[in-house]
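S.K.: Shown below is the structure under consideration.
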Amino acid sequence: KTGLDAYFQFSITRTDVVNSKPHPESYLKAIERINQNTEEMIVFEDTKSGVTAAKAAGLRCFAVNHDAAVHQNLVAANKIFNNLQEVVTYLETENML
C-alpha cells in the first residue's frame, strides 16, 4: 500500500516463517538470502522481541525508541535512538552512509 517495496529486493513477513519474533528465524532467512557478511548489516527495531530476535541471529541492532516507557525493554540493542533523525545523524557522523 505504501510503495516501500520498490526500495527493497525482498521482504520476509510472518507468513514466511514458522517461528515469529523473538525467535531469530526471520533474520536468519534474511541473512541467507542476502549472502553478505553479517558484520556489514544493521537491524533497526522498535520492540523488545525484535531486538531479541536480531541479537539472537548475531546481528548488530539499533533500536529506535518511539516511547520512553518502553526504553528499558530495548537495552539489549547495540545502540538506542530516540527518533530516526538521530539515526541518520549517527550514521553520517560514523561515516556509515
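In the C-alpha cells, chains take the letters A, B, ... in the order shown, each chain's residues start at 1, and ligands count up from 1 in the order shown.
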Please identify which residues in stretch 42-75 of chain A DSSP calls strand (DSSP E) from the backbone, and express them as a VMD selection string.
M.R.: chain A and resid 42 to 45 60 to 64
S.K.: May I have the residues within 8 Å of A:Thr47 as a list of chain:residue names, using only C-alpha atoms and disregarding those fewer than 4 positions away in the same chain?
M.R.: A:Val51, A:Ala63, A:Asn73, A:Leu74
S.K.: I'd like to know which residues of chain A are alpha helix (DSSP H) (by DSSP, run on the backbone); could you write them as a PDB file with N, CA and C atoms, in the first residue's frame?
M.R.:
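Ended up saving to out-v4.pdb:
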```
ATOM      1  N   GLU A  25      14.315 -16.647  13.436  1.00  0.00           N
ATOM      2  CA  GLU A  25      14.135 -17.263  12.117  1.00  0.00           C
ATOM      3  C   GLU A  25      14.014 -16.252  10.979  1.00  0.00           C
ATOM      4  N   SER A  26      13.264 -15.190  11.159  1.00  0.00           N
ATOM      5  CA  SER A  26      13.101 -14.217  10.063  1.00  0.00           C
ATOM      6  C   SER A  26      14.435 -13.571   9.703  1.00  0.00           C
ATOM      7  N   TYR A  27      15.235 -13.251  10.699  1.00  0.00           N
ATOM      8  CA  TYR A  27      16.542 -12.655  10.418  1.00  0.00           C
ATOM      9  C   TYR A  27      17.495 -13.670   9.805  1.00  0.00           C
ATOM     10  N   LEU A  28      17.437 -14.909  10.257  1.00  0.00           N
ATOM     11  CA  LEU A  28      18.305 -15.944   9.694  1.00  0.00           C
ATOM     12  C   LEU A  28      17.977 -16.188   8.221  1.00  0.00           C
ATOM     13  N   LYS A  29      16.695 -16.142   7.867  1.00  0.00           N
ATOM     14  CA  LYS A  29      16.302 -16.273   6.457  1.00  0.00           C
ATOM     15  C   LYS A  29      16.808 -15.093   5.638  1.00  0.00           C
ATOM     16  N   ALA A  30      16.731 -13.904   6.210  1.00  0.00           N
ATOM     17  CA  ALA A  30      17.211 -12.716   5.503  1.00  0.00           C
ATOM     18  C   ALA A  30      18.719 -12.784   5.292  1.00  0.00           C
ATOM     19  N   ILE A  31      19.447 -13.212   6.307  1.00  0.00           N
ATOM     20  CA  ILE A  31      20.902 -13.350   6.197  1.00  0.00           C
ATOM     21  C   ILE A  31      21.237 -14.314   5.066  1.00  0.00           C
ATOM     22  N   GLU A  32      20.533 -15.417   5.017  1.00  0.00           N
ATOM     23  CA  GLU A  32      20.765 -16.425   3.979  1.00  0.00           C
ATOM     24  C   GLU A  32      20.511 -15.855   2.578  1.00  0.00           C
ATOM     25  N   ARG A  33      19.458 -15.093   2.431  1.00  0.00           N
ATOM     26  CA  ARG A  33      19.111 -14.520   1.120  1.00  0.00           C
ATOM     27  C   ARG A  33      20.071 -13.421   0.698  1.00  0.00           C
ATOM     28  N   ILE A  34      20.527 -12.626   1.645  1.00  0.00           N
ATOM     29  CA  ILE A  34      21.416 -11.510   1.318  1.00  0.00           C
ATOM     30  C   ILE A  34      22.797 -12.021   0.930  1.00  0.00           C
ATOM     31  N   LYS A  48      11.013  -5.021  21.948  1.00  0.00           N
ATOM     32  CA  LYS A  48      11.889  -5.947  22.666  1.00  0.00           C
ATOM     33  C   LYS A  48      12.025  -7.264  21.906  1.00  0.00           C
ATOM     34  N   SER A  49      10.927  -7.787  21.384  1.00  0.00           N
ATOM     35  CA  SER A  49      11.005  -9.062  20.668  1.00  0.00           C
ATOM     36  C   SER A  49      11.830  -8.930  19.390  1.00  0.00           C
ATOM     37  N   GLY A  50      11.765  -7.789  18.739  1.00  0.00           N
ATOM     38  CA  GLY A  50      12.576  -7.560  17.553  1.00  0.00           C
ATOM     39  C   GLY A  50      14.057  -7.476  17.873  1.00  0.00           C
ATOM     40  N   VAL A  51      14.382  -6.757  18.940  1.00  0.00           N
ATOM     41  CA  VAL A  51      15.784  -6.657  19.379  1.00  0.00           C
ATOM     42  C   VAL A  51      16.299  -8.034  19.768  1.00  0.00           C
ATOM     43  N   THR A  52      15.502  -8.777  20.500  1.00  0.00           N
ATOM     44  CA  THR A  52      15.903 -10.122  20.921  1.00  0.00           C
ATOM     45  C   THR A  52      16.173 -11.012  19.711  1.00  0.00           C
ATOM     46  N   ALA A  53      15.309 -10.960  18.719  1.00  0.00           N
ATOM     47  CA  ALA A  53      15.470 -11.775  17.513  1.00  0.00           C
ATOM     48  C   ALA A  53      16.727 -11.384  16.747  1.00  0.00           C
ATOM     49  N   ALA A  54      16.953 -10.098  16.586  1.00  0.00           N
ATOM     50  CA  ALA A  54      18.137  -9.628  15.854  1.00  0.00           C
ATOM     51  C   ALA A  54      19.427 -10.046  16.548  1.00  0.00           C
ATOM     52  N   LYS A  55      19.477  -9.863  17.853  1.00  0.00           N
ATOM     53  CA  LYS A  55      20.681 -10.224  18.602  1.00  0.00           C
ATOM     54  C   LYS A  55      20.903 -11.743  18.579  1.00  0.00           C
ATOM     55  N   ALA A  56      19.818 -12.528  18.669  1.00  0.00           N
ATOM     56  CA  ALA A  56      19.937 -13.986  18.626  1.00  0.00           C
ATOM     57  C   ALA A  56      20.447 -14.463  17.266  1.00  0.00           C
ATOM     58  N   LEU A  84      14.260   8.679  14.245  1.00  0.00           N
ATOM     59  CA  LEU A  84      15.021   8.344  13.040  1.00  0.00           C
ATOM     60  C   LEU A  84      16.034   9.412  12.660  1.00  0.00           C
ATOM     61  N   GLN A  85      15.768  10.671  12.991  1.00  0.00           N
ATOM     62  CA  GLN A  85      16.742  11.718  12.687  1.00  0.00           C
ATOM     63  C   GLN A  85      18.036  11.485  13.454  1.00  0.00           C
ATOM     64  N   GLU A  86      17.950  11.033  14.695  1.00  0.00           N
ATOM     65  CA  GLU A  86      19.156  10.694  15.461  1.00  0.00           C
ATOM     66  C   GLU A  86      19.932   9.562  14.779  1.00  0.00           C
ATOM     67  N   VAL A  87      19.211   8.612  14.210  1.00  0.00           N
ATOM     68  CA  VAL A  87      19.862   7.514  13.492  1.00  0.00           C
ATOM     69  C   VAL A  87      20.652   8.060  12.312  1.00  0.00           C
ATOM     70  N   VAL A  88      20.028   8.910  11.513  1.00  0.00           N
ATOM     71  CA  VAL A  88      20.684   9.479  10.333  1.00  0.00           C
ATOM     72  C   VAL A  88      21.918  10.268  10.744  1.00  0.00           C
ATOM     73  N   THR A  89      21.793  11.099  11.759  1.00  0.00           N
ATOM     74  CA  THR A  89      22.931  11.887  12.234  1.00  0.00           C
ATOM     75  C   THR A  89      24.069  10.979  12.684  1.00  0.00           C
ATOM     76  N   TYR A  90      23.743   9.936  13.422  1.00  0.00           N
ATOM     77  CA  TYR A  90      24.760   8.988  13.888  1.00  0.00           C
ATOM     78  C   TYR A  90      25.446   8.303  12.705  1.00  0.00           C
ATOM     79  N   LEU A  91      24.677   7.810  11.770  1.00  0.00           N
ATOM     80  CA  LEU A  91      25.243   7.126  10.614  1.00  0.00           C
ATOM     81  C   LEU A  91      26.137   8.052   9.791  1.00  0.00           C
ATOM     82  N   GLU A  92      25.733   9.302   9.659  1.00  0.00           N
ATOM     83  CA  GLU A  92      26.574  10.276   8.935  1.00  0.00           C
ATOM     84  C   GLU A  92      27.857  10.557   9.702  1.00  0.00           C
ATOM     85  N   THR A  93      27.756  10.752  11.016  1.00  0.00           N
ATOM     86  CA  THR A  93      28.913  11.046  11.845  1.00  0.00           C
ATOM     87  C   THR A  93      29.914   9.896  11.832  1.00  0.00           C
TER      88      THR A  93
END
```
S.K.: For A:Asp46, work out the shell of residues within 12 Å, counting only C-alpha atoms and skipping chain neighbours fewer than 6 positions away, then give it as a list in words.
M.R.: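 Surrounding residues, per the criterion: Thr52, Ala53, Ala54, Cys61, Phe62, Ala63, Val64, Asn65, His66, Asp67, Ala68, Val70, His71, Gln72, Asn73, Leu74, Val75, Ala76, Ala77, Lys79, Ile80, Phe81, Asn82, Asn83 and Leu84 of chain A.
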S.K.: How would the residues just chosen look if you wrote them out with C-alpha atoms as a CSV table (one decimal), in the first residue's frame?
M.R.:
```csv
chain,number,residue,atom,x,y,z
A,52,THR,CA,15.9,-10.1,20.9
A,53,ALA,CA,15.5,-11.8,17.5
A,54,ALA,CA,18.1,-9.6,15.9
A,61,CYS,CA,20.8,-3.9,16.3
A,62,PHE,CA,19.9,-0.3,16.6
A,63,ALA,CA,16.7,0.4,18.5
A,64,VAL,CA,14.5,3.4,17.7
A,65,ASN,CA,12.7,4.3,20.9
A,66,HIS,CA,9.3,5.6,20.0
A,67,ASP,CA,8.0,5.6,23.6
A,68,ALA,CA,10.1,6.5,26.7
A,70,VAL,CA,9.5,1.1,26.7
A,71,HIS,CA,13.1,2.3,26.7
A,72,GLN,CA,14.2,-0.3,29.3
A,73,ASN,CA,12.8,-3.0,27.0
A,74,LEU,CA,15.4,-2.1,24.3
A,75,VAL,CA,18.6,-2.2,26.4
A,76,ALA,CA,19.8,-5.3,24.6
A,77,ALA,CA,20.2,-3.3,21.4
A,79,LYS,CA,22.5,1.5,20.5
A,80,ILE,CA,19.2,3.2,21.3
A,81,PHE,CA,18.0,6.3,19.4
A,82,ASN,CA,15.0,8.5,20.2
A,83,ASN,CA,14.0,9.0,16.6
A,84,LEU,CA,15.0,8.3,13.0
```
S.K.: With a distance cut-off of 9 Å and only C-alpha atoms, select the neighbouring residues of A:Thr38, excluding the residue or stretch itself and same-chain residues fewer than 3 positions from it, and output the selection as a list in words.
M.R.: Ile31, Asn35, Met41, Ile42, Gly58, Leu59 and Arg60 of chain A
